[in-house]
$ cat target_28.pdb   # PDB, C-alpha atoms
ATOM      1  CA  MET N   1      47.876 106.603 116.261
ATOM      2  CA  SER N   2      48.440 102.858 116.511
ATOM      3  CA  ASP N   3      50.347 101.251 119.410
ATOM      4  CA  ASP N   4      51.535  98.414 117.205
ATOM      5  CA  PRO N   5      55.384  98.402 117.224
ATOM      6  CA  LYS N   6      55.332  97.551 113.517
ATOM      7  CA  ASP N   7      53.759 100.946 112.793
ATOM      8  CA  ARG N   8      56.482 102.923 114.588
ATOM      9  CA  GLY N   9      58.814 103.053 111.608
ATOM     10  CA  PRO N  10      62.524 102.252 111.830
ATOM     11  CA  ALA N  11      63.956 100.197 114.700
ATOM     12  CA  PRO N  12      64.186 102.197 117.953
ATOM     13  CA  LEU N  13      67.617 103.630 118.693
ATOM     14  CA  ASP N  14      67.211 104.018 122.436
ATOM     15  CA  TRP N  15      68.864 100.666 123.055
ATOM     16  CA  ILE N  16      72.052 101.774 121.298
ATOM     17  CA  ASP N  17      74.632 102.097 124.061
ATOM     18  CA  PRO N  18      75.682 105.785 124.198
ATOM     19  CA  VAL N  19      78.931 104.893 125.967
ATOM     20  CA  VAL N  20      80.063 102.849 122.959
ATOM     21  CA  HIS N  21      78.383 105.002 120.308
ATOM     22  CA  ALA N  22      80.640 108.093 120.595
ATOM     23  CA  PRO N  23      83.105 107.958 117.647
ATOM     24  CA  ALA N  24      86.261 108.205 119.773
ATOM     25  CA  ARG N  25      85.083 105.527 122.211
ATOM     26  CA  LEU N  26      83.891 103.321 119.355
ATOM     27  CA  SER N  27      87.351 103.618 117.822
ATOM     28  CA  ILE N  28      88.997 102.728 121.150
ATOM     29  CA  MET N  29      86.701  99.757 121.697
ATOM     30  CA  THR N  30      87.190  98.488 118.132
ATOM     31  CA  GLN N  31      90.970  98.578 118.554
ATOM     32  CA  LEU N  32      90.765  96.816 121.904
ATOM     33  CA  TYR N  33      88.197  94.253 120.729
ATOM     34  CA  VAL N  34      90.560  92.711 118.156
ATOM     35  CA  VAL N  35      93.519  92.200 120.514
ATOM     36  CA  ASP N  36      94.110  91.008 124.052
ATOM     37  CA  ALA N  37      95.567  94.310 125.310
ATOM     38  CA  MET N  38      97.626  97.275 124.169
ATOM     39  CA  ASP N  39      99.474 100.048 125.899
ATOM     40  CA  ALA N  40      98.416 103.687 125.783
ATOM     41  CA  THR N  41     101.094 104.622 123.218
ATOM     42  CA  PHE N  42      99.863 101.961 120.802
ATOM     43  CA  LEU N  43      96.259 103.052 121.347
ATOM     44  CA  VAL N  44      97.119 106.719 120.734
ATOM     45  CA  ASN N  45      98.853 105.751 117.470
ATOM     46  CA  ARG N  46      95.972 103.518 116.362
ATOM     47  CA  THR N  47      93.137 105.903 117.141
ATOM     48  CA  GLY N  48      94.823 109.229 116.359
ATOM     49  CA  LEU N  49      93.415 110.701 119.577
ATOM     50  CA  THR N  50      95.403 113.103 121.717
ATOM     51  CA  TRP N  51      96.602 111.872 125.098
ATOM     52  CA  GLY N  52      94.061 114.083 126.835
ATOM     53  CA  ASN N  53      91.172 112.894 124.703
ATOM     54  CA  LEU N  54      92.184 109.300 125.141
ATOM     55  CA  SER N  55      92.362 109.748 128.881
ATOM     56  CA  THR N  56      88.915 111.304 129.027
ATOM     57  CA  HIS N  57      87.265 108.612 126.942
ATOM     58  CA  LEU N  58      89.091 105.819 128.719
ATOM     59  CA  ARG N  59      87.847 107.148 132.039
ATOM     60  CA  LYS N  60      84.259 106.994 130.753
ATOM     61  CA  LEU N  61      84.765 103.476 129.463
ATOM     62  CA  GLU N  62      86.389 102.478 132.743
ATOM     63  CA  GLU N  63      83.493 103.953 134.748
ATOM     64  CA  ALA N  64      81.092 101.908 132.604
ATOM     65  CA  GLY N  65      83.175  98.817 133.414
ATOM     66  CA  TYR N  66      84.096  98.279 129.758
ATOM     67  CA  VAL N  67      87.862  98.658 129.956
ATOM     68  CA  ALA N  68      90.524  97.724 132.464
ATOM     69  CA  VAL N  69      93.604  99.939 132.812
ATOM     70  CA  GLU N  70      96.643  98.382 134.448
ATOM     71  CA  LYS N  71      99.940 100.035 135.239
ATOM     72  CA  GLU N  72     102.953  97.858 134.563
ATOM     73  CA  PHE N  73     106.679  98.363 134.471
ATOM     74  CA  ARG N  74     108.723  97.184 131.495
ATOM     75  CA  GLY N  75     112.183  97.261 132.967
ATOM     76  CA  LYS N  76     112.236 100.670 134.629
ATOM     77  CA  LYS N  77     109.715 102.305 132.298
ATOM     78  CA  PRO N  78     106.044 102.643 133.212
ATOM     79  CA  CYS N  79     103.567 101.105 130.803
ATOM     80  CA  THR N  80      99.788 101.475 130.902
ATOM     81  CA  MET N  81      98.154  98.350 129.497
ATOM     82  CA  ILE N  82      94.531  98.685 128.465
ATOM     83  CA  SER N  83      92.140  95.854 127.692
ATOM     84  CA  LEU N  84      88.427  95.268 127.259
ATOM     85  CA  THR N  85      86.683  93.595 130.158
ATOM     86  CA  ASP N  86      84.237  90.751 129.535
ATOM     87  CA  GLU N  87      81.477  93.289 130.064
ATOM     88  CA  GLY N  88      83.122  95.559 127.491
ATOM     89  CA  ARG N  89      83.310  92.762 124.931
ATOM     90  CA  ALA N  90      79.658  91.916 125.514
ATOM     91  CA  ALA N  91      78.710  95.611 125.186
ATOM     92  CA  PHE N  92      80.614  95.877 121.914
ATOM     93  CA  GLN N  93      78.903  92.768 120.540
ATOM     94  CA  ARG N  94      75.507  94.133 121.624
ATOM     95  CA  TYR N  95      76.342  97.433 119.940
ATOM     96  CA  ARG N  96      77.205  95.685 116.669
ATOM     97  CA  ALA N  97      73.986  93.698 116.796
ATOM     98  CA  SER N  98      72.004  96.854 117.593
ATOM     99  CA  MET N  99      73.489  98.773 114.691
ATOM    100  CA  ARG N 100      72.838  95.880 112.327
ATOM    101  CA  GLU N 101      69.265  95.724 113.582
ATOM    102  CA  ALA N 102      68.792  99.478 113.245
ATOM    103  CA  LEU N 103      70.504 100.036 109.902
ATOM    104  CA  GLY N 104      70.808  96.589 108.332
ATOM    105  CA  ASP N 105      67.662  96.614 106.221
ATOM    106  CA  LEU N 106      67.600 100.252 105.134
ATOM    107  CA  PRO N 107      67.240 100.653 101.365
ATOM    108  CA  ASP N 108      70.373 101.736  99.449
TER     109      ASP N 108
ATOM    110  CA  MET I   1      80.778  97.441 111.578
ATOM    111  CA  THR I   2      81.312  94.228 109.618
ATOM    112  CA  GLU I   3      83.485  91.173 110.275
ATOM    113  CA  ASN I   4      85.761  92.400 107.481
ATOM    114  CA  ASP I   5      86.297  95.740 109.200
ATOM    115  CA  LEU I   6      87.236  93.980 112.420
ATOM    116  CA  LYS I   7      89.552  91.591 110.578
ATOM    117  CA  LYS I   8      91.214  94.565 108.897
ATOM    118  CA  ALA I   9      91.572  96.299 112.268
ATOM    119  CA  GLU I  10      93.115  93.147 113.785
ATOM    120  CA  ARG I  11      95.493  92.665 110.876
ATOM    121  CA  SER I  12      96.456  96.318 110.934
ATOM    122  CA  ALA I  13      97.142  96.216 114.694
ATOM    123  CA  PHE I  14      99.237  93.055 114.259
ATOM    124  CA  GLN I  15     101.270  94.598 111.450
ATOM    125  CA  ALA I  16     101.731  97.881 113.317
ATOM    126  CA  GLY I  17     103.022  96.014 116.353
ATOM    127  CA  PHE I  18     105.068  93.221 114.806
ATOM    128  CA  ASP I  19     105.825  93.833 111.140
ATOM    129  CA  ILE I  20     108.594  96.299 111.881
ATOM    130  CA  GLY I  21     111.318  95.063 109.506
ATOM    131  CA  ILE I  22     113.113  92.926 112.076
ATOM    132  CA  TRP I  23     111.899  89.680 110.506
ATOM    133  CA  ASP I  24     113.279  90.801 107.142
ATOM    134  CA  ILE I  25     116.691  91.575 108.625
ATOM    135  CA  LEU I  26     116.762  88.210 110.419
ATOM    136  CA  ILE I  27     115.815  86.402 107.193
ATOM    137  CA  ALA I  28     118.570  88.302 105.350
ATOM    138  CA  SER I  29     121.097  87.339 108.045
ATOM    139  CA  TRP I  30     120.075  83.711 107.673
ATOM    140  CA  LEU I  31     120.351  83.922 103.869
ATOM    141  CA  SER I  32     123.804  85.474 104.111
ATOM    142  CA  MET I  33     124.875  82.118 105.556
ATOM    143  CA  PHE I  34     124.108  80.497 102.176
ATOM    144  CA  ALA I  35     126.175  83.196 100.480
ATOM    145  CA  ILE I  36     129.210  83.222 102.769
ATOM    146  CA  ALA I  37     129.424  79.629 104.071
ATOM    147  CA  PRO I  38     130.490  78.184 100.672
ATOM    148  CA  LEU I  39     133.351  80.695 100.580
ATOM    149  CA  LEU I  40     134.512  79.565 104.036
ATOM    150  CA  SER I  41     134.063  75.850 103.423
ATOM    151  CA  ARG I  42     137.529  75.279 101.964
ATOM    152  CA  ARG I  43     139.166  76.717 105.075
ATOM    153  CA  LEU I  44     136.703  75.598 107.788
ATOM    154  CA  GLY I  45     135.051  72.537 106.257
ATOM    155  CA  ASP I  46     131.360  72.113 105.445
ATOM    156  CA  PHE I  47     130.136  71.805 109.035
ATOM    157  CA  TRP I  48     132.059  74.651 110.692
ATOM    158  CA  SER I  49     131.539  77.046 107.803
ATOM    159  CA  ALA I  50     127.792  76.836 108.552
ATOM    160  CA  ALA I  51     128.093  76.416 112.340
ATOM    161  CA  VAL I  52     130.065  79.640 112.663
ATOM    162  CA  PHE I  53     126.860  81.471 111.701
ATOM    163  CA  VAL I  54     124.971  80.342 114.808
ATOM    164  CA  PRO I  55     126.711  82.891 117.102
ATOM    165  CA  VAL I  56     126.532  85.493 114.315
ATOM    166  CA  LEU I  57     122.759  85.012 114.057
ATOM    167  CA  ALA I  58     122.490  85.131 117.856
ATOM    168  CA  VAL I  59     124.357  88.468 117.933
ATOM    169  CA  VAL I  60     122.148  89.883 115.144
ATOM    170  CA  TYR I  61     119.043  88.727 117.034
ATOM    171  CA  ILE I  62     120.205  90.310 120.309
ATOM    172  CA  LEU I  63     121.090  93.567 118.521
ATOM    173  CA  LEU I  64     117.682  93.700 116.830
ATOM    174  CA  ARG I  65     115.933  93.032 120.155
ATOM    175  CA  MET I  66     117.879  95.903 121.683
ATOM    176  CA  ILE I  67     116.938  98.227 118.810
ATOM    177  CA  LYS I  68     113.318  97.155 119.128
ATOM    178  CA  ASN I  69     113.159  97.682 122.885
ATOM    179  CA  ARG I  70     115.137 100.941 122.909
ATOM    180  CA  TYR I  71     113.887 102.733 119.785
ATOM    181  CA  VAL I  72     110.807 101.054 118.300
ATOM    182  CA  VAL I  73     108.646 100.087 121.281
ATOM    183  CA  PRO I  74     108.761 103.546 122.918
ATOM    184  CA  ARG I  75     107.443 105.009 119.656
ATOM    185  CA  ILE I  76     104.874 102.466 118.518
ATOM    186  CA  GLY I  77     103.867 100.993 121.871
ATOM    187  CA  VAL I  78     103.095  97.433 122.908
ATOM    188  CA  VAL I  79     100.259  95.159 121.836
ATOM    189  CA  ARG I  80      99.325  91.735 123.187
ATOM    190  CA  LEU I  81      97.759  89.603 120.476
ATOM    191  CA  GLY I  82      94.289  88.139 120.688
ATOM    192  CA  THR I  83      93.446  84.441 120.662
ATOM    193  CA  TYR I  84      92.766  84.393 116.903
ATOM    194  CA  ARG I  85      96.248  85.682 116.038
ATOM    195  CA  GLN I  86      97.959  83.525 118.669
ATOM    196  CA  ALA I  87      96.279  80.415 117.215
ATOM    197  CA  ARG I  88      97.391  81.466 113.733
ATOM    198  CA  LEU I  89     101.005  81.911 114.890
ATOM    199  CA  ARG I  90     100.920  78.520 116.624
ATOM    200  CA  LYS I  91      99.731  76.922 113.371
ATOM    201  CA  LEU I  92     102.550  78.659 111.481
ATOM    202  CA  SER I  93     105.120  77.336 113.980
ATOM    203  CA  VAL I  94     103.868  73.759 113.521
ATOM    204  CA  VAL I  95     103.742  74.045 109.731
ATOM    205  CA  LEU I  96     107.248  75.543 109.520
ATOM    206  CA  LEU I  97     108.554  72.824 111.838
ATOM    207  CA  VAL I  98     107.173  70.221 109.418
ATOM    208  CA  VAL I  99     108.741  72.042 106.422
ATOM    209  CA  ASN I 100     112.093  72.163 108.244
ATOM    210  CA  ILE I 101     111.945  68.458 109.123
ATOM    211  CA  VAL I 102     111.192  67.608 105.490
ATOM    212  CA  ALA I 103     114.103  69.843 104.407
ATOM    213  CA  LEU I 104     116.398  68.150 106.938
ATOM    214  CA  VAL I 105     115.405  64.669 105.754
ATOM    215  CA  LEU I 106     115.851  65.590 102.085
ATOM    216  CA  GLY I 107     119.162  67.328 102.850
ATOM    217  CA  THR I 108     120.412  64.212 104.641
ATOM    218  CA  ILE I 109     119.362  62.034 101.721
ATOM    219  CA  PHE I 110     121.172  64.338  99.276
ATOM    220  CA  ALA I 111     124.279  64.251 101.472
ATOM    221  CA  PHE I 112     124.463  60.456 101.393
ATOM    222  CA  ILE I 113     123.414  59.518  97.881
ATOM    223  CA  LYS I 114     125.720  59.763  94.928
ATOM    224  CA  VAL I 115     124.308  62.328  92.538
ATOM    225  CA  GLU I 116     124.724  61.596  88.872
ATOM    226  CA  PRO I 117     126.038  64.553  86.842
ATOM    227  CA  GLY I 118     122.857  64.527  84.707
ATOM    228  CA  SER I 119     120.575  64.844  87.739
ATOM    229  CA  MET I 120     122.352  67.857  89.239
ATOM    230  CA  LEU I 121     119.158  69.909  88.895
ATOM    231  CA  ALA I 122     117.417  67.723  91.481
ATOM    232  CA  PHE I 123     119.009  69.681  94.344
ATOM    233  CA  PRO I 124     118.021  73.172  93.092
ATOM    234  CA  ILE I 125     114.474  71.940  92.405
ATOM    235  CA  VAL I 126     114.001  70.552  95.920
ATOM    236  CA  PHE I 127     115.753  73.513  97.568
ATOM    237  CA  SER I 128     113.630  76.010  95.597
ATOM    238  CA  LEU I 129     110.450  74.169  96.424
ATOM    239  CA  ILE I 130     111.206  74.134 100.156
ATOM    240  CA  LEU I 131     112.063  77.844 100.199
ATOM    241  CA  PHE I 132     108.969  78.721  98.188
ATOM    242  CA  VAL I 133     106.628  76.618 100.325
ATOM    243  CA  GLY I 134     108.142  77.907 103.581
ATOM    244  CA  PHE I 135     107.921  81.567 102.638
ATOM    245  CA  SER I 136     104.468  81.215 101.077
ATOM    246  CA  LEU I 137     103.138  79.622 104.266
ATOM    247  CA  ALA I 138     104.697  82.416 106.324
ATOM    248  CA  ALA I 139     103.100  84.995 103.989
ATOM    249  CA  TYR I 140      99.711  83.299 104.347
ATOM    250  CA  PHE I 141      99.719  82.830 108.121
ATOM    251  CA  LEU I 142     101.283  86.211 108.926
ATOM    252  CA  MET I 143      99.267  87.968 106.185
ATOM    253  CA  ILE I 144     102.417  89.690 104.929
ATOM    254  CA  PRO I 145     102.345  89.421 101.109
ATOM    255  CA  ARG I 146     105.960  90.483 100.594
ATOM    256  CA  PHE I 147     107.100  87.169 102.155
ATOM    257  CA  PHE I 148     105.467  85.455  99.188
ATOM    258  CA  PHE I 149     107.648  87.559  96.862
ATOM    259  CA  TYR I 150     110.685  86.650  98.982
ATOM    260  CA  GLY I 151     109.695  83.012  98.398
ATOM    261  CA  LEU I 152     109.497  83.603  94.659
ATOM    262  CA  LEU I 153     112.847  85.415  94.635
ATOM    263  CA  LEU I 154     114.525  82.664  96.637
ATOM    264  CA  SER I 155     112.974  79.846  94.631
ATOM    265  CA  VAL I 156     114.513  81.298  91.458
ATOM    266  CA  ALA I 157     117.902  81.858  93.143
ATOM    267  CA  PRO I 158     119.213  78.241  93.088
ATOM    268  CA  PHE I 159     118.462  77.923  89.341
ATOM    269  CA  VAL I 160     120.152  81.230  88.520
ATOM    270  CA  GLY I 161     123.075  80.188  90.718
ATOM    271  CA  GLU I 162     123.327  76.836  88.945
ATOM    272  CA  TRP I 163     123.296  78.601  85.576
ATOM    273  CA  LEU I 164     126.000  81.067  86.678
ATOM    274  CA  TRP I 165     128.111  78.190  87.982
ATOM    275  CA  ARG I 166     127.758  76.111  84.784
ATOM    276  CA  LYS I 167     128.672  79.134  82.684
ATOM    277  CA  GLY I 168     131.722  79.680  84.893
ATOM    278  CA  TYR I 169     130.614  83.084  86.177
ATOM    279  CA  SER I 170     130.424  82.135  89.847
ATOM    280  CA  PRO I 171     131.893  79.401  92.073
ATOM    281  CA  HIS I 172     129.977  77.206  94.546
ATOM    282  CA  HIS I 173     126.882  76.763  92.337
ATOM    283  CA  GLY I 174     126.444  80.541  92.270
ATOM    284  CA  PHE I 175     125.296  80.620  95.919
ATOM    285  CA  PRO I 176     127.513  83.571  96.959
ATOM    286  CA  VAL I 177     126.098  85.727  94.143
ATOM    287  CA  VAL I 178     122.405  84.817  94.209
ATOM    288  CA  PHE I 179     121.912  84.472  97.960
ATOM    289  CA  GLY I 180     124.152  87.463  98.615
ATOM    290  CA  THR I 181     121.973  89.541  96.287
ATOM    291  CA  ALA I 182     118.726  88.213  97.783
ATOM    292  CA  ALA I 183     119.984  88.833 101.340
ATOM    293  CA  THR I 184     120.960  92.405 100.421
ATOM    294  CA  VAL I 185     117.548  93.139  98.868
ATOM    295  CA  ILE I 186     115.628  91.659 101.813
ATOM    296  CA  ALA I 187     117.844  93.381 104.396
ATOM    297  CA  ALA I 188     117.341  96.707 102.577
ATOM    298  CA  VAL I 189     113.546  96.260 102.719
ATOM    299  CA  GLY I 190     113.782  95.435 106.431
ATOM    300  CA  VAL I 191     115.979  98.430 107.207
ATOM    301  CA  VAL I 192     113.618 100.788 105.328
ATOM    302  CA  ILE I 193     110.595  99.445 107.241
ATOM    303  CA  LEU I 194     112.461  99.645 110.553
ATOM    304  CA  PHE I 195     113.552 103.248 109.945
ATOM    305  CA  ASN I 196     110.033 104.217 108.916
ATOM    306  CA  ARG I 197     108.698 102.771 112.153
ATOM    307  CA  ILE I 198     111.319 104.614 114.201
ATOM    308  CA  ARG I 199     110.770 107.867 112.317
ATOM    309  CA  GLY I 200     106.980 107.531 112.203
ATOM    310  CA  PRO I 201     104.537 109.427 114.391
ATOM    311  CA  GLY I 202     104.077 108.396 117.961
ATOM    312  CA  SER I 203     104.975 109.423 121.416
ATOM    313  CA  SER I 204     108.429 108.622 122.685
ATOM    314  CA  VAL I 205     107.243 108.235 126.259
ATOM    315  CA  ASP I 206     104.286 106.702 128.018
ATOM    316  CA  GLU I 207     102.708 109.996 128.983
ATOM    317  CA  PRO I 208     100.424 110.194 131.979
ATOM    318  CA  LEU I 209      96.806 109.717 131.026
ATOM    319  CA  THR I 210      95.307 113.010 132.128
ATOM    320  CA  GLY I 211      92.263 114.586 130.533
ATOM    321  CA  GLU I 212      92.425 117.817 128.574
ATOM    322  CA  ASN I 213      88.722 117.921 127.811
ATOM    323  CA  SER I 214      85.595 116.007 128.645
TER     324      SER I 214
END

$ encode --input "target_28.pdb" --output "structure tokens"
Amino acid sequence: MSDDPKDRGPAPLDWIDPVVHAPARLSIMTQLYVVDAMDATFLVNRTGLTWGNLSTHLRKLEEAGYVAVEKEFRGKKPCTMISLTDEGRAAFQRYRASMREALGDLPD
Amino acid sequence: MTENDLKKAERSAFQAGFDIGIWDILIASWLSMFAIAPLLSRRLGDFWSAAVFVPVLAVVYILLRMIKNRYVVPRIGVVRLGTYRQARLRKLSVVLLVVNIVALVLGTIFAFIKVEPGSMLAFPIVFSLILFVGFSLAAYFLMIPRFFFYGLLLSVAPFVGEWLWRKGYSPHHGFPVVFGTAATVIAAVGVVILFNRIRGPGSSVDEPLTGENS
């Protein structure tokens, strides 16, 4: 078997970030990537996730340093604003590039 | 994930957060001024018949803000726009300011020149053009196609009004009829969108973010 990378077949997938790759987290990151920030209610409506699911996936993204969760008060009501960190934006861009690299030149 | 997908996601988030019918109702309130002011002008004079609408518009604006904050935001949530959308809105503000200045200059010119009876169509043409350009630009920059149709509707209105007036069907160049009708249609669209947003799915409270599974 040859060691030449060209002979290994399709592009390797091990550099696809598993934190971003999960469908729910990809949906969250896509929604957050296109805006500055949104609150949890808006994110629940946009992604269709349950509050519990959202919480779980946000915690994973927060642990990876990809999202920032800030508690605010709008008047007397609590509001949880969520945004992508710079690291999160970079990770999302890397993920897009990786997926293009991995799948971009597959035949139809 | 392509650029188009991301653009669609951005546009969709913008529309979900901001296109909630309030703009339509504000536009309709503003248009109602064109419908009602001519009817008041005999009693209040040209200036005050229009000026009286400033507090009316302010009240409508405050009421809509209250409805938004009390009923819409708790259901749909809050979104802060990204730099792309903010830049686009800034461009729209500048462009609409220019359109308004042009309209003001042309309006002033029309107020001071003596219009010959044969050239009475000059005013509807200019008025239609300004309304059409203004609404088309808003439709383009906000990516809300129905504003383009509002522009079309309003650009036809002065001509229909002029025709109604010349035929003797409506006083004041037909403004009360045509702008009253347009304001009613646009307000109805706004109210339907607003009610759909209020009725639509979404949590009514900012629930605590606690996990139910992992």

$ resolve_selection --input "target_28.pdb" --expression "the PyMOL selection byres ((chain N) within 6 of (chain I))" --output "NGL selection string"
:N and (34-39 or 41-42 or 45 or 52 or 55-56)

$ atom_distance --input "target_28.pdb" --atom1 "CA of Gly190 (chain I)" --atom2 "CA of Val44 (chain N)"
24.7 Å

$ residues_around --input "target_28.pdb" --residues "Ile144 (chain I)" --least-positions-apart "4" --cutoff "12 Å" --atoms "only C-alpha atoms" --output "VMD selection string"
chain I and resid 11 to 12 14 to 16 18 to 21 23 to 24 135 to 140 148 to 151

$ closest_residue --input "target_28.pdb" --among "I:Val192, I:Ile101, I:Val72, I:Val177" --to "Gly161 (chain I)" --atoms "all atoms listed in the file"
I:Val177

$ atom_distance --input "target_28.pdb" --atom1 "CA of Thr80 (chain N)" --atom2 "CA of Ile28 (chain N)"
14.6 Å

$ closest_residue --input "target_28.pdb" --among "I:Leu129, I:Leu26, I:Ile36, I:Leu153" --to "Val59 (chain I)" --atoms "all atoms listed in the file"
I:Leu26

$ closest_residue --input "target_28.pdb" --among "N:Leu106, N:Ala68, N:Ala97, N:Leu61" --to "Val19 (chain N)" --atoms "only C-alpha atoms"
N:Leu61

$ axis_aligned_box --input "target_28.pdb" --around "region 63-80 of chain N" --padding-each-side "3 Å" --output "lines of an AutoDock Vina configuration file"
center_x = 96.7
center_y = 100.6
center_z = 132.5
size_x = 37.1
size_y = 12.8
size_z = 11.5

$ atom_distance --input "target_28.pdb" --atom1 "CA of Arg65 (chain I)" --atom2 "CA of Ile22 (chain I)"
8.6 Å

$ closest_residue --input "target_28.pdb" --among "N:Ala40, N:Leu49, N:Leu54, N:Ala90" --to "Lys71 (chain N)" --atoms "only C-alpha atoms"
N:Ala40

$ resolve_selection --input "target_28.pdb" --expression "the PyMOL selection byres ((chain N and resi 17) around 12)" --output "list in words"
Leu13, Asp14, Trp15, Ile16, Pro18, Val19, Val20, His21, Ala22, Arg25, Leu26, Leu61, Ala64, Tyr66, Gly88, Ala90, Ala91, Phe92, Gln93, Arg94, Tyr95, Arg96, Ala97, Ser98 and Met99 of chain N

$ closest_residue --input "target_28.pdb" --among "N:Leu43, N:Met81, N:Ala102, N:Ala24" --to "Lys60 (chain N)" --atoms "all atoms listed in the file"
N:Ala24

$ closest_residue --input "target_28.pdb" --among "N:Gly48, N:Arg89, N:Arg74, N:Glu101" --to "Met29 (chain N)" --atoms "only C-alpha atoms"
N:Arg89

$ residues_around --input "target_28.pdb" --residues "Thr184 (chain I)" --least-positions-apart "4" --cutoff "12 Å" --atoms "only C-alpha atoms" --output "list in words"
Asp24, Ile25, Leu26, Ile27, Ala28, Ser29, Trp30, Leu31, Ser32, Ala35, Tyr150, Pro176, Val177, Val178, Phe179, Gly180, Ala188, Val189, Gly190 and Val191 of chain I
